[in-house]
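Peer 1: Input final_31.txt, format and content: compact mmCIF, C-alpha atoms (C1' of nucleotides).
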```
# COMPACT_ATOMS: atom_id res chain seq x y z
CA MET A 1 136.10 -118.50 113.90
CA LYS A 2 133.21 -116.12 113.26
CA THR A 3 132.48 -115.40 109.63
CA TYR A 4 130.28 -112.86 107.87
CA THR A 5 128.13 -112.82 104.74
CA ILE A 6 128.36 -109.99 102.26
CA GLN A 7 125.07 -108.68 103.61
CA GLU A 8 126.42 -108.49 107.15
CA ILE A 9 129.44 -106.58 105.93
CA THR A 10 127.35 -104.13 103.94
CA THR A 11 125.25 -103.31 107.00
CA LEU A 12 128.32 -103.10 109.23
CA PHE A 13 129.99 -100.54 107.00
CA SER A 14 127.21 -99.02 104.88
CA LEU A 15 128.92 -100.26 101.76
CA SER A 16 127.07 -101.84 98.85
CA PRO A 17 127.79 -105.45 97.84
CA SER A 18 129.07 -104.09 94.53
CA THR A 19 131.57 -101.90 96.30
CA LEU A 20 132.85 -104.85 98.30
CA ARG A 21 133.21 -106.91 95.13
CA TYR A 22 134.91 -103.95 93.49
CA TYR A 23 137.38 -103.60 96.35
CA GLU A 24 138.15 -107.28 96.06
CA GLN A 25 138.53 -107.05 92.31
CA VAL A 26 141.02 -104.20 92.40
CA GLY A 27 142.99 -105.97 95.13
CA LEU A 28 142.12 -103.91 98.17
CA LEU A 29 140.64 -106.95 99.88
CA PRO A 30 142.74 -110.09 99.88
CA LYS A 31 141.40 -113.45 98.78
CA VAL A 32 137.84 -113.83 100.06
CA GLU A 33 137.02 -117.51 100.62
CA ARG A 34 133.73 -118.98 99.39
CA ASN A 35 131.19 -121.30 100.98
CA SER A 36 129.61 -124.31 99.25
CA LYS A 37 127.27 -121.97 97.36
CA LYS A 38 130.27 -120.04 96.06
CA GLN A 39 129.23 -117.08 98.16
CA ARG A 40 131.79 -114.84 99.79
CA VAL A 41 132.72 -115.53 103.41
CA TYR A 42 134.34 -112.64 105.23
CA THR A 43 136.39 -112.93 108.40
CA GLN A 44 137.64 -110.64 111.14
CA GLU A 45 140.69 -110.01 109.01
CA HIS A 46 138.52 -108.57 106.28
CA ILE A 47 136.74 -106.38 108.76
CA CYS A 48 140.05 -104.96 109.93
CA ARG A 49 141.12 -104.42 106.36
CA ILE A 50 137.88 -102.63 105.51
CA GLN A 51 138.35 -100.38 108.53
CA SER A 52 141.77 -99.43 107.23
CA ILE A 53 140.42 -98.87 103.74
CA LEU A 54 137.66 -96.59 105.01
CA CYS A 55 140.07 -94.67 107.22
CA PHE A 56 142.30 -94.10 104.22
CA LYS A 57 139.32 -93.26 102.05
CA ARG A 58 137.91 -90.67 104.44
CA THR A 59 141.28 -88.99 104.57
CA GLY A 60 141.53 -88.86 100.81
CA LEU A 61 144.14 -91.52 100.10
CA PRO A 62 143.49 -92.81 96.58
CA ILE A 63 143.02 -96.51 95.95
CA SER A 64 146.31 -96.66 94.05
CA LYS A 65 148.21 -95.64 97.16
CA MET A 66 146.19 -97.95 99.37
CA LEU A 67 147.27 -100.77 97.09
CA LYS A 68 150.90 -99.71 97.51
CA PHE A 69 150.44 -99.57 101.26
CA PHE A 70 148.95 -103.05 101.48
CA SER A 71 151.57 -104.49 99.17
CA TYR A 72 154.32 -102.99 101.32
CA GLU A 73 152.57 -104.38 104.38
CA SER A 74 152.53 -107.89 102.95
CA ASN A 75 156.27 -107.76 102.38
CA LEU A 76 157.27 -105.58 105.25
CA GLU A 77 160.93 -106.52 105.60
CA ASN A 78 161.75 -105.14 102.18
CA ASN A 79 159.48 -102.12 102.45
CA MET A 80 160.07 -100.72 105.89
CA ASP A 81 161.13 -97.34 104.56
CA ASN A 82 158.53 -97.30 101.81
CA ILE A 83 155.64 -97.88 104.17
CA ILE A 84 156.88 -95.28 106.65
CA GLN A 85 157.38 -92.83 103.82
CA LEU A 86 153.90 -93.39 102.41
CA LEU A 87 152.21 -93.03 105.77
CA SER A 88 154.24 -90.01 106.85
CA ASP A 89 153.56 -88.24 103.58
CA HIS A 90 149.89 -88.87 104.03
CA GLU A 91 150.02 -87.67 107.61
CA VAL A 92 151.74 -84.44 106.64
CA MET A 93 149.33 -83.84 103.78
CA LEU A 94 146.42 -84.45 106.10
CA LYS A 95 147.65 -82.00 108.72
CA VAL A 96 147.97 -79.30 106.08
CA LYS A 97 144.54 -80.11 104.75
CA ILE A 98 142.93 -79.94 108.19
CA GLU A 99 144.42 -76.50 108.75
CA GLU A 100 143.12 -75.37 105.38
CA ILE A 101 139.66 -76.75 105.97
CA GLN A 102 139.48 -75.12 109.37
CA LYS A 103 140.20 -71.75 107.82
CA ASP A 104 137.57 -72.45 105.20
CA LEU A 105 135.10 -73.48 107.87
CA LEU A 106 135.59 -70.10 109.49
CA HIS A 107 134.86 -68.37 106.19
CA ILE A 108 131.74 -70.41 105.71
CA HIS A 109 130.61 -69.72 109.23
CA GLN A 110 131.09 -66.02 108.62
CA LYS A 111 129.03 -66.28 105.48
CA VAL A 112 126.23 -67.95 107.43
CA GLU A 113 126.35 -65.14 109.97
CA TYR A 114 126.38 -62.55 107.24
CA TYR A 115 123.29 -63.94 105.59
CA HIS A 116 121.52 -64.21 108.92
CA LYS A 117 122.17 -60.50 109.39
CA VAL A 118 120.98 -59.75 105.89
CA LYS A 119 117.80 -61.69 106.58
CA GLN A 120 117.21 -59.76 109.77
CA SER A 121 117.75 -56.39 108.13
CA PHE A 122 115.45 -57.46 105.38
CA GLU A 123 112.67 -58.43 107.75
CA GLU A 124 113.06 -55.24 109.76
CA HIS A 125 113.36 -53.10 106.61
CA THR A 126 116.65 -51.75 107.92
CA GLU A 127 119.85 -51.33 105.99
CA ILE A 128 121.54 -54.35 104.48
CA PRO A 129 125.05 -54.92 105.86
CA CYS A 130 128.10 -54.61 103.65
CA PHE A 131 128.98 -57.79 101.92
CA TYR A 132 131.18 -60.04 103.95
CA ASN A 133 134.71 -59.40 102.86
CA PHE A 134 136.65 -62.47 101.89
CA LYS A 135 140.17 -62.42 103.29
CA SER A 136 142.31 -65.43 102.57
CA MET B 1 139.67 -50.53 87.38
CA LYS B 2 142.44 -53.12 87.42
CA THR B 3 141.89 -56.08 85.14
CA TYR B 4 143.64 -59.41 84.73
CA THR B 5 144.48 -61.74 81.85
CA ILE B 6 143.76 -65.43 82.03
CA GLN B 7 147.47 -66.01 82.59
CA GLU B 8 147.55 -63.72 85.60
CA ILE B 9 144.59 -65.54 87.09
CA THR B 10 146.15 -68.94 86.53
CA THR B 11 149.30 -67.91 88.34
CA LEU B 12 147.33 -66.25 91.13
CA PHE B 13 145.34 -69.39 91.86
CA SER B 14 147.36 -72.25 90.35
CA LEU B 15 144.47 -73.06 88.06
CA SER B 16 144.87 -73.96 84.40
CA PRO B 17 143.34 -71.77 81.68
CA SER B 18 141.13 -74.71 80.78
CA THR B 19 139.79 -74.92 84.28
CA LEU B 20 138.92 -71.24 84.25
CA ARG B 21 137.13 -71.63 80.92
CA TYR B 22 135.39 -74.70 82.29
CA TYR B 23 134.22 -72.82 85.38
CA GLU B 24 132.88 -70.10 83.14
CA GLN B 25 131.18 -72.60 80.87
CA VAL B 26 129.33 -74.38 83.65
CA GLY B 27 128.26 -71.05 85.11
CA LEU B 28 130.47 -70.80 88.17
CA LEU B 29 132.04 -67.61 86.86
CA PRO B 30 129.66 -64.94 85.64
CA LYS B 31 130.02 -63.24 82.26
CA VAL B 32 133.69 -62.62 81.60
CA GLU B 33 134.13 -59.59 79.34
CA ARG B 34 136.49 -59.69 76.37
CA ASN B 35 139.05 -57.26 75.02
CA SER B 36 139.46 -56.27 71.37
CA LYS B 37 141.25 -59.57 70.71
CA LYS B 38 138.26 -61.49 72.15
CA GLN B 39 140.44 -62.51 75.07
CA ARG B 40 138.97 -62.84 78.55
CA VAL B 41 139.36 -59.89 80.90
CA TYR B 42 138.97 -60.73 84.57
CA THR B 43 138.19 -58.19 87.29
CA GLN B 44 138.38 -58.05 91.08
CA GLU B 45 134.87 -59.47 91.15
CA HIS B 46 136.10 -62.58 89.40
CA ILE B 47 138.95 -62.91 91.82
CA CYS B 48 136.53 -62.81 94.74
CA ARG B 49 134.31 -65.34 93.04
CA ILE B 50 137.23 -67.68 92.42
CA GLN B 51 138.24 -67.40 96.06
CA SER B 52 134.75 -68.49 97.02
CA ILE B 53 134.79 -71.33 94.52
CA LEU B 54 138.12 -72.60 95.82
CA CYS B 55 136.99 -72.34 99.43
CA PHE B 56 133.92 -74.38 98.57
CA LYS B 57 135.99 -76.81 96.54
CA ARG B 58 138.52 -77.42 99.29
CA THR B 59 135.71 -78.17 101.69
CA GLY B 60 134.12 -80.63 99.29
CA LEU B 61 131.08 -78.70 98.09
CA PRO B 62 130.22 -80.05 94.63
CA ILE B 63 129.89 -77.70 91.68
CA SER B 64 126.15 -78.35 91.50
CA LYS B 65 125.68 -76.89 94.96
CA MET B 66 128.02 -74.00 94.25
CA LEU B 67 125.78 -73.17 91.31
CA LYS B 68 122.76 -73.20 93.59
CA PHE B 69 124.55 -71.00 96.06
CA PHE B 70 125.53 -68.42 93.46
CA SER B 71 122.06 -68.44 91.93
CA TYR B 72 120.53 -67.84 95.36
CA GLU B 73 123.08 -65.09 95.90
CA SER B 74 122.08 -63.34 92.70
CA ASN B 75 118.45 -63.29 93.76
CA LEU B 76 118.89 -62.98 97.45
CA GLU B 77 115.52 -61.56 98.45
CA ASN B 78 113.71 -64.67 97.29
CA ASN B 79 116.31 -67.09 98.57
CA MET B 80 117.24 -65.87 102.01
CA ASP B 81 116.26 -69.15 103.64
CA ASN B 82 117.66 -71.29 100.85
CA ILE B 83 121.08 -69.73 101.02
CA ILE B 84 121.22 -69.95 104.80
CA GLN B 85 120.07 -73.55 104.64
CA LEU B 86 122.68 -74.49 102.05
CA LEU B 87 125.52 -72.85 103.94
CA SER B 88 124.46 -74.18 107.34
CA ASP B 89 124.14 -77.71 105.99
CA HIS B 90 127.60 -77.43 104.54
CA GLU B 91 128.96 -76.04 107.79
CA VAL B 92 127.47 -78.88 109.82
CA MET B 93 128.72 -81.48 107.38
CA LEU B 94 132.16 -79.93 107.50
CA LYS B 95 132.36 -79.96 111.29
CA VAL B 96 131.45 -83.64 111.34
CA LYS B 97 134.02 -84.34 108.65
CA ILE B 98 136.77 -82.51 110.50
CA GLU B 99 136.10 -84.56 113.63
CA GLU B 100 136.22 -87.73 111.57
CA ILE B 101 139.42 -86.79 109.85
CA GLN B 102 141.06 -85.89 113.12
CA LYS B 103 140.30 -89.34 114.48
CA ASP B 104 141.65 -90.83 111.28
CA LEU B 105 144.76 -88.70 111.54
CA LEU B 106 145.37 -90.17 114.97
CA HIS B 107 145.07 -93.68 113.57
CA ILE B 108 147.48 -92.87 110.80
CA HIS B 109 149.92 -91.33 113.23
CA GLN B 110 149.75 -94.45 115.35
CA LYS B 111 150.45 -96.55 112.29
CA VAL B 112 153.50 -94.42 111.54
CA GLU B 113 154.72 -94.92 115.09
CA TYR B 114 154.04 -98.63 114.92
CA TYR B 115 156.10 -99.05 111.77
CA HIS B 116 158.90 -96.98 113.22
CA LYS B 117 159.01 -99.39 116.13
CA VAL B 118 158.90 -102.36 113.80
CA LYS B 119 161.81 -100.89 111.88
CA GLN B 120 163.80 -100.42 115.05
CA SER B 121 163.15 -103.95 116.28
CA PHE B 122 164.11 -105.21 112.90
CA GLU B 123 167.39 -103.34 112.85
CA GLU B 124 168.21 -104.43 116.41
CA HIS B 125 167.07 -108.00 115.74
CA THR B 126 164.70 -107.74 118.70
CA GLU B 127 161.11 -108.82 118.83
CA ILE B 128 158.58 -107.26 116.50
CA PRO B 129 155.79 -105.45 118.36
CA CYS B 130 152.19 -106.64 118.15
CA PHE B 131 150.33 -105.22 115.27
CA TYR B 132 148.75 -101.93 116.05
CA ASN B 133 145.14 -102.62 116.92
CA PHE B 134 142.61 -100.59 115.02
CA LYS B 135 139.90 -99.22 117.30
CA SER B 136 137.26 -97.07 115.66
C1' DA C 1 155.84 -61.73 54.91
C1' DT C 2 156.16 -65.05 57.99
C1' DA C 3 156.65 -67.05 62.17
C1' DA C 4 155.82 -67.06 67.13
C1' DC C 5 152.82 -66.26 70.84
C1' DA C 6 148.80 -65.93 73.40
C1' DC C 7 144.84 -66.58 73.33
C1' DT C 8 140.11 -68.52 71.22
C1' DT C 9 136.16 -72.44 70.36
C1' DT C 10 134.19 -77.04 70.31
C1' DA C 11 134.14 -81.65 71.03
C1' DA C 12 136.04 -85.54 72.69
C1' DG C 13 138.92 -87.83 76.10
C1' DT C 14 140.64 -89.00 80.94
C1' DA C 15 140.83 -90.27 85.93
C1' DT C 16 138.70 -91.99 89.90
C1' DA C 17 135.49 -94.62 92.14
C1' DC C 18 132.02 -96.84 91.91
C1' DT C 19 127.13 -98.62 89.97
C1' DT C 20 124.07 -101.03 87.03
C1' DG C 21 122.41 -104.50 83.91
C1' DA C 22 121.97 -109.01 82.15
C1' DA C 23 122.24 -113.60 82.75
C1' DG C 24 123.19 -117.48 85.72
C1' DT C 25 123.53 -120.64 90.22
C1' DC C 26 121.78 -122.74 94.16
C1' DA C 27 118.97 -123.97 98.26
C1' DA C 28 114.45 -123.41 100.52
C1' DG C 29 109.31 -122.88 100.65
C1' DG C 30 104.64 -123.39 98.79
C1' DC D 1 107.93 -128.44 90.13
C1' DC D 2 108.49 -123.85 90.22
C1' DT D 3 109.19 -119.55 92.19
C1' DT D 4 111.69 -116.59 95.39
C1' DG D 5 115.74 -114.76 97.35
C1' DA D 6 120.38 -114.23 97.89
C1' DC D 7 123.96 -114.47 95.98
C1' DT D 8 127.32 -115.02 91.57
C1' DT D 9 130.13 -113.15 87.07
C1' DC D 10 131.35 -109.96 83.59
C1' DA D 11 130.97 -106.05 80.90
C1' DA D 12 129.26 -101.75 80.30
C1' DG D 13 127.56 -97.44 82.18
C1' DT D 14 127.61 -93.25 85.38
C1' DA D 15 129.09 -89.08 88.03
C1' DT D 16 132.27 -85.54 88.87
C1' DA D 17 135.68 -82.58 87.55
C1' DC D 18 138.49 -81.50 84.70
C1' DT D 19 142.01 -82.04 80.46
C1' DT D 20 143.42 -82.46 75.80
C1' DA D 21 143.20 -82.13 70.84
C1' DA D 22 142.37 -79.78 66.68
C1' DA D 23 141.72 -75.88 64.24
C1' DG D 24 141.44 -70.89 64.15
C1' DT D 25 142.35 -65.57 65.24
C1' DG D 26 144.87 -61.52 65.99
C1' DT D 27 149.07 -58.80 67.54
C1' DT D 28 154.12 -58.74 67.79
C1' DA D 29 159.04 -59.89 66.42
C1' DT D 30 162.45 -61.06 62.77
```
Take the structure in the file and write it out as structure tokens.
Peer 2:
Amino acid sequence: MKTYTIQEITTLFSLSPSTLRYYEQVGLLPKVERNSKKQRVYTQEHICRIQSILCFKRTGLPISKMLKFFSYESNLENNMDNIIQLLSDHEVMLKVKIEEIQKDLLHIHQKVEYYHKVKQSFEEHTEIPCFYNFKS
Amino acid sequence: MKTYTIQEITTLFSLSPSTLRYYEQVGLLPKVERNSKKQRVYTQEHICRIQSILCFKRTGLPISKMLKFFSYESNLENNMDNIIQLLSDHEVMLKVKIEEIQKDLLHIHQKVEYYHKVKQSFEEHTEIPCFYNFKS
DNA sequence: ATAACACTTTAAGTATACTTGAAGTCAAGG
DNA sequence: CCTTGACTTCAAGTATACTTAAAGTGTTAT
């Protein structure tokens, strides 16, 4: 089975060695075996786990909830409802957040456009447009 | 001109009084006038500013950059390009992030579906489906 | 008058997620 | 042999964004 050094993992995921050790320490990564030099040896399993962690991280799931998720996962029979609940909650939260951010993106885009107009008026010595009106 | 107490602002935006004082302290909110009791008196201007702050906050712009933005805004003539740069960078970053999060949302949704299936198989004593395969 | 209430200031504390520093181990190369 | 490089541990430090505690002020209610 193919294995990976900590360096290979850091380049694969743009994570620092410290972060990987930290994730292991807090329990996000399960037991990482060591080679004869006591150095960490990562496997495909770890890679999958890190992908999950980063997916959760990008979407704003805190480490505490990731830990819950993985603990449910490791004892699935007794946590079927818990795991579904946790994931569904996160999914719902995320959908709301995406909607919010998309509205905010529009606002920001309108600000960019506004300042482009202001710049133009400024360069042409014409009138400066009214300030962009924030409507939430 | 209509004015607002700190309490009114907190209920309007679901922010704590401390947060509002903190925002003022770090310079996110410009000079807040006081009444005879030395209590803060907020105006429509502050409300607009808070809306901007919260928009930036939701989209992940750190306070340090908000401060830059507002300082550029208060001396626009000399910062036309700076303000456009800052906003455009944020806009680009945000678009990338939304795409990322939408992919992640899909993954999470698939996990939810997977565990629903697992639950079903478990209840019906049928076979448990293969683990959902994470493809980034 | 005295207590309650709504604010005030200042400094210190908290949460989250890392990051850094110091000191040590081990195999390989000059 | 001794240095270099890549790791190791463990504890302490950092960044960001608040939050809380302690002590005080001024108007209102009993």
Peer 1: Distance cut-off 8 Å, counting all atoms listed in the file - which residues of chain B neighbour chain A? Return them as number ranges by chain.
Peer 2: B: 48, 51-52, 55-56, 58-59, 80, 83-84, 87-88, 91, 94-95, 98, 100-102, 104-105, 108-109, 111-112, 115-116, 119, 134, 136
Peer 1: At most 10 Å is the cut-off: for each residue in chain C with any atom that close to an atom of chain A, write down the nearest atom pair and the distance in Å rounded to one decimal, counting all atoms listed in the file, chain first then increasing number, as JSON lines.
Peer 2:
```
{"residue": "C:DT16", "atom": "C1'", "partner": "A:Pro62", "partner_atom": "CA", "distance": 8.3}
{"residue": "C:DA17", "atom": "C1'", "partner": "A:Ile63", "partner_atom": "CA", "distance": 8.6}
{"residue": "C:DC18", "atom": "C1'", "partner": "A:Thr19", "partner_atom": "CA", "distance": 6.7}
{"residue": "C:DT19", "atom": "C1'", "partner": "A:Ser18", "partner_atom": "CA", "distance": 7.4}
{"residue": "C:DT20", "atom": "C1'", "partner": "A:Ser18", "partner_atom": "CA", "distance": 9.5}
{"residue": "C:DT25", "atom": "C1'", "partner": "A:Lys37", "partner_atom": "CA", "distance": 8.2}
{"residue": "C:DC26", "atom": "C1'", "partner": "A:Lys37", "partner_atom": "CA", "distance": 6.4}
{"residue": "C:DA27", "atom": "C1'", "partner": "A:Lys37", "partner_atom": "CA", "distance": 8.6}
```
Peer 1: Around the point (138.1, -104.7, 100.3) (coordinates from the file), which residues reach within 6 Å if we count all atoms listed in the file? Answer as a compact mmCIF listing (two decimals) with C-alpha atoms, in the coordinates of the input.
Peer 2:
```txt
# COMPACT_ATOMS: atom_id res chain seq x y z
CA LEU A 20 132.85 -104.85 98.30
CA TYR A 23 137.38 -103.60 96.35
CA GLU A 24 138.15 -107.28 96.06
CA LEU A 28 142.12 -103.91 98.17
CA LEU A 29 140.64 -106.95 99.88
CA ILE A 50 137.88 -102.63 105.51
```
Peer 1: Write out as JSON lines a residue-level contact list of chain D versus chain B with cut-off 12 Å: for each qualifying residue the closest pair of atoms and the distance in Å to one decimal, counting all atoms listed in the file, rows sorted by chain and residue number upward.
Peer 2:
```
{"residue": "D:DA15", "atom": "C1'", "partner": "B:Pro62", "partner_atom": "CA", "distance": 11.2}
{"residue": "D:DT16", "atom": "C1'", "partner": "B:Pro62", "partner_atom": "CA", "distance": 8.2}
{"residue": "D:DA17", "atom": "C1'", "partner": "B:Ile63", "partner_atom": "CA", "distance": 8.6}
{"residue": "D:DC18", "atom": "C1'", "partner": "B:Thr19", "partner_atom": "CA", "distance": 6.7}
{"residue": "D:DT19", "atom": "C1'", "partner": "B:Ser18", "partner_atom": "CA", "distance": 7.4}
{"residue": "D:DT20", "atom": "C1'", "partner": "B:Ser18", "partner_atom": "CA", "distance": 9.5}
{"residue": "D:DT25", "atom": "C1'", "partner": "B:Lys37", "partner_atom": "CA", "distance": 8.2}
{"residue": "D:DG26", "atom": "C1'", "partner": "B:Lys37", "partner_atom": "CA", "distance": 6.3}
{"residue": "D:DT27", "atom": "C1'", "partner": "B:Lys37", "partner_atom": "CA", "distance": 8.5}
```
Peer 1: Store the residues picked out above in a file with C-alpha atoms (C1' of nucleotides), as a PDB file, keeping the file's coordinate frame.
Peer 2:
```pdb
ATOM      1  C1'  DA D  15     129.090 -89.080  88.030  1.00  0.00           C
ATOM      2  C1'  DT D  16     132.270 -85.540  88.870  1.00  0.00           C
ATOM      3  C1'  DA D  17     135.680 -82.580  87.550  1.00  0.00           C
ATOM      4  C1'  DC D  18     138.490 -81.500  84.700  1.00  0.00           C
ATOM      5  C1'  DT D  19     142.010 -82.040  80.460  1.00  0.00           C
ATOM      6  C1'  DT D  20     143.420 -82.460  75.800  1.00  0.00           C
ATOM      7  C1'  DT D  25     142.350 -65.570  65.240  1.00  0.00           C
ATOM      8  C1'  DG D  26     144.870 -61.520  65.990  1.00  0.00           C
ATOM      9  C1'  DT D  27     149.070 -58.800  67.540  1.00  0.00           C
TER      10       DT D  27
END
```
Peer 1: Give me, please, the distance in Å between atom CA of Gln7 of chain A and atom CA of Arg21 of chain A, quoted to one decimal.
Peer 2: 11.9 Å
Peer 1: Identify, on the basis of only C-alpha atoms (C1' of nucleotides), every residue whose closest approach to DG24 of chain C does not exceed 12 Å; exclude the query and any residue fewer than 5 positions from it along the same chain; express the result as a ChimeraX atom specification.
Peer 2: /D:7-10
Peer 1: Filtering to C-alpha atoms (C1' of nucleotides), could chain D of the supplied structure be written out as a compact mmCIF listing (two decimals), in the first residue's frame?
Peer 2:
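Contents of part.txt, freshly written:
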```txt
# COMPACT_ATOMS: atom_id res chain seq x y z
C1' DC D 1 33.58 12.40 13.26
C1' DC D 2 30.69 15.93 12.49
C1' DT D 3 27.43 18.49 10.12
C1' DT D 4 23.12 18.73 7.55
C1' DG D 5 18.40 17.79 6.89
C1' DA D 6 14.18 16.01 7.99
C1' DC D 7 11.79 14.93 11.08
C1' DT D 8 10.27 14.56 16.44
C1' DT D 9 7.96 16.47 21.19
C1' DC D 10 6.04 19.80 24.19
C1' DA D 11 4.89 24.15 25.74
C1' DA D 12 4.17 28.68 24.83
C1' DG D 13 2.89 32.32 21.65
C1' DT D 14 -0.05 34.65 17.95
C1' DA D 15 -4.03 36.52 15.27
C1' DT D 16 -8.70 37.78 14.98
C1' DA D 17 -12.76 39.21 16.86
C1' DC D 18 -15.02 39.89 20.26
C1' DT D 19 -16.71 39.40 25.52
C1' DT D 20 -16.63 40.07 30.35
C1' DA D 21 -15.54 42.19 34.72
C1' DA D 22 -15.17 45.96 37.75
C1' DA D 23 -16.16 50.34 38.98
C1' DG D 24 -18.53 54.61 37.99
C1' DT D 25 -22.31 58.25 36.30
C1' DG D 26 -26.67 60.24 35.75
C1' DT D 27 -31.90 60.12 35.35
C1' DT D 28 -36.14 57.88 36.95
C1' DA D 29 -39.28 55.26 40.22
C1' DT D 30 -40.67 54.10 45.01
```
